[in-house]
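Participant: My structure is below; once you've seen it, I'll send some questions.
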Amino acid sequence: MIDADDAVHWWGLVLAPALLAAYAYAAAAGSAARTARASGAPAAAALAAPAREAAGLLLRRRRTVPGADTLLWRVGIASVPVAAVMAVLVVPVGGRAIADLSIGVVWFNAMEVLLWGGMWLAGWGANSVWGLVGGYRYLIQGLSHELPHMFALTTAAVGAGSLRVGDIAAAQQDVWFVLVMPAAFVVYLVSALAMSFWPPFDQPVGRDLSGGAAAEPSGPDRLVLLAGRHAMLAAAAAMAVPLFLGGGAGPLLPGWAWSLLKAAAVLALLVWAGGRVPAVRMDRFAEVGWVVLLPLVLLQALAVSVFVVAGWM
Amino acid sequence: MAEWTVFVVCAVAAVAAGAAVFRVDSMARATFALLASFVFTAVPVLLLDLAYLGVLIVLMMTMEMVVMAVFMIMFMMNPAGLMPMTMVHNTKGALAISIAVFCVLAAGALLVPWPRESAPPPADPTLQLGEAIMGDDMLVMMVAGLVLFATMVSGVVLATGRGRYDRYGDDLRGRPDDPIRGGVGR
Amino acid sequence: MLEAFLLLAAALLAVGLYGALSQQSVVMVMMGLELMLNAVMVAAAAVWFHTSPHSADGQLLVLAAMLAMAVEMAMGFAVTIAIFRARDVDVTDSAGDLRG
């Protein structure tokens, strides 16, 4: 089933979650610092705030609601970080992924779609109206961004002529895909924010729902859910590097360093942009996704296909 | 040997999860039991070298089942199963028919002398599939596209509660009277 | 090994058939149908691998089964919604107008 190119690098199974956790923490610290600066508090002190919050959550006792479906609830919450780690398995760092599967792009897509089930279950299992509405909101967002997202992934795969993420990165020797397919890149970034329900797409855990899907989980459950959300954003940012930003290509530094640097840059861009843009309501985003983003990325895919057939890529 | 073990575990789990769909009271559990059944059958498909189709099953079925869960909750009278109720008819007949069907199919599976191919499978089944649907068997893909498009249109027509006369009024002019405005300023 | 896969498919098909025949709710009937199509996918994949891996027909059948599932679900829910809007029912026994 696994051929030579698909070889699994077992050492990475330790390294990749550690790296993902570091990036997820960086995202949390970055947004905490941004919030602190906006409210006039010293930004540097806020960098440790996520660690304090995490420690506090670990010590706190779980509370539960009568009639909660504990099995589904736990499965849903746990699936959020699990999906992020599974998605990042196919992302190469400096040309080497843990498992550079021949269908890596489809794998990444499938893992991130697992979040749909996970978020809905996290909302449903709690037996609370806030959670359930949050779960439904995530689904609406998912239905709006998923097709444009899939076509953005497809466009990169068409440009490289391969579903293997390593091949896609290698195909950008001459020109990065972000220059050939800018619309696909933008759509990818938008959907990366939406899939990890990061602001401006944070309606599923919005304040108007007193926390939405994250309203009822408490203690370690809440930590797992929120950490998984940050990890998902980090995984999406890391995936943008081999898809659109040339993978590990760059002068002077070795490939792995460039991969990590670019992933950090994309993550910083996402966190910064999330704080700058006003909140997007999911019922409005549904029409934007289907009427604007989908035709846009379809035209982009058509253009790239023409380039490929004409031999310009 | 390892593959055999994986297959047996996943096969038993898939059938058990499939049976659980009709045993549990909670509709959410039923839907996600069905999803578990799909995921467990995707693993044997992966064992058959079909990496693309196996992962595609997981991808498609996750989305389908989550959408299904929404409808289950919407339509069932007792979605969370907190007050168990039965919504079945003719279980004995159904059980007899399905056992009979299983026996016939199992006998066929075991007794038919299946032709065997000694040639190895292609190096890249995904490439084989892609070349087939974009080459010799392109008709399949074109029909699939048409069918999906027709499904989308007819599904929306069947399901929508408000047509354009409801939205724009009898003369079909003016601004639509929508409870929630869309996102692109219409 | 082919026999084992076909047995798995037969078991899934039987379970799905039982559900489709015995459940009253349209949505549950559809879940049974999905299980049966799942069985078709497993059987098609196994037969492709063991009897004719040189042609893509088996893989195409898997794809067609997946397509059938998507169409079945979309149309099934659309019809359910239409029936529900018209007369507030979602059980098959109440939608037997065309019964002969």
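Ligands are numbered from 1 in the order shown, chains are lettered A, B, ... in the order of the structure tokens, and residues start at 1 in each chain.
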I need the contact residues of chain B against chain C, so if you could list those with any atom within 7 Å, counting only C-alpha atoms, and return them as number ranges by chain, that would help.

Facilitator: B: 11, 15, 18-19, 22, 45, 48, 72, 75, 87-91, 94-95, 98-99, 101-102, 105-106, 109-110, 115-117, 121-122, 128-129, 132, 148, 151, 155, 158-159

Participant: Within 8 Å of Ala122 in chain A, counting only C-alpha atoms, which residues show up once you throw out same-chain ones fewer than 4 positions away? Write them as a list in words, please.

Facilitator: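 Once the nearby chain positions are removed, what remains is Leu72, Trp73, Arg74, Val75, Gly76, Ile77, Gly118, Ala126, Gly131, Gly135, Ala213 and Ala214 of chain A.
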
Participant: With 6 Å as the cut-off and only C-alpha atoms counted, what is the closest atom pair between each nearby residue of chain A and chain B? Distances in Å to one decimal, ordered by chain and number, as JSON lines.

Facilitator:
```
{"residue": "A:Met1", "atom": "CA", "partner": "B:Asp49", "partner_atom": "CA", "distance": 5.1}
{"residue": "A:Ala110", "atom": "CA", "partner": "B:Leu59", "partner_atom": "CA", "distance": 4.4}
{"residue": "A:Gly117", "atom": "CA", "partner": "B:Val66", "partner_atom": "CA", "distance": 5.7}
{"residue": "A:Arg284", "atom": "CA", "partner": "B:Gly183", "partner_atom": "CA", "distance": 3.9}
{"residue": "A:Phe285", "atom": "CA", "partner": "B:Gly183", "partner_atom": "CA", "distance": 5.8}
{"residue": "A:Glu287", "atom": "CA", "partner": "B:Gly183", "partner_atom": "CA", "distance": 5.3}
{"residue": "A:Val288", "atom": "CA", "partner": "B:Gly183", "partner_atom": "CA", "distance": 5.5}
```

Participant: Store the residues of this selection in a file with N, CA and C atoms, as an mmCIF file, in the first residue's frame.

Facilitator:
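Result saved to again-v7.cif:
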```
data_model
loop_
_atom_site.group_PDB
_atom_site.id
_atom_site.type_symbol
_atom_site.label_atom_id
_atom_site.label_comp_id
_atom_site.auth_asym_id
_atom_site.auth_seq_id
_atom_site.Cartn_x
_atom_site.Cartn_y
_atom_site.Cartn_z
ATOM 1 N N MET A 1 0.831 -1.195 0.000
ATOM 2 C CA MET A 1 0.000 0.000 0.000
ATOM 3 C C MET A 1 0.870 1.251 0.000
ATOM 4 N N ALA A 110 -9.389 16.084 3.519
ATOM 5 C CA ALA A 110 -10.246 15.181 4.287
ATOM 6 C C ALA A 110 -10.080 15.432 5.781
ATOM 7 N N GLY A 117 -17.461 17.610 11.467
ATOM 8 C CA GLY A 117 -18.079 16.683 12.406
ATOM 9 C C GLY A 117 -17.690 17.023 13.831
ATOM 10 N N ARG A 284 -24.249 36.076 5.719
ATOM 11 C CA ARG A 284 -23.827 36.900 4.587
ATOM 12 C C ARG A 284 -22.671 36.260 3.854
ATOM 13 N N PHE A 285 -21.775 35.635 4.614
ATOM 14 C CA PHE A 285 -20.620 35.011 3.975
ATOM 15 C C PHE A 285 -21.049 33.877 3.054
ATOM 16 N N GLU A 287 -23.446 33.833 0.893
ATOM 17 C CA GLU A 287 -23.634 34.340 -0.467
ATOM 18 C C GLU A 287 -22.303 34.769 -1.071
ATOM 19 N N VAL A 288 -21.438 35.385 -0.258
ATOM 20 C CA VAL A 288 -20.129 35.785 -0.785
ATOM 21 C C VAL A 288 -19.367 34.557 -1.265
#
```

Participant: Taking the chain letters and numbering used in this document, name the residues of chain C that DSSP puts in alpha helix (DSSP H), as a PyMOL selection string.

Facilitator: chain C and resi 2-22+26-51+57-87

Participant: What is the CA of Gly130 in chain B-CA of Phe149 in chain B distance in Å, reported with one decimal?

Facilitator: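 Calculated distance between CA of Gly130 in chain B and CA of Phe149 in chain B is 20.9 Å.
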
Participant: Just the residues within 12 Å of Gly311 in chain A, please, counting only C-alpha atoms, with nothing from its chain fewer than 3 positions along; format it as a PyMOL selection string.

Facilitator: chain A and resi 159-161+304-308
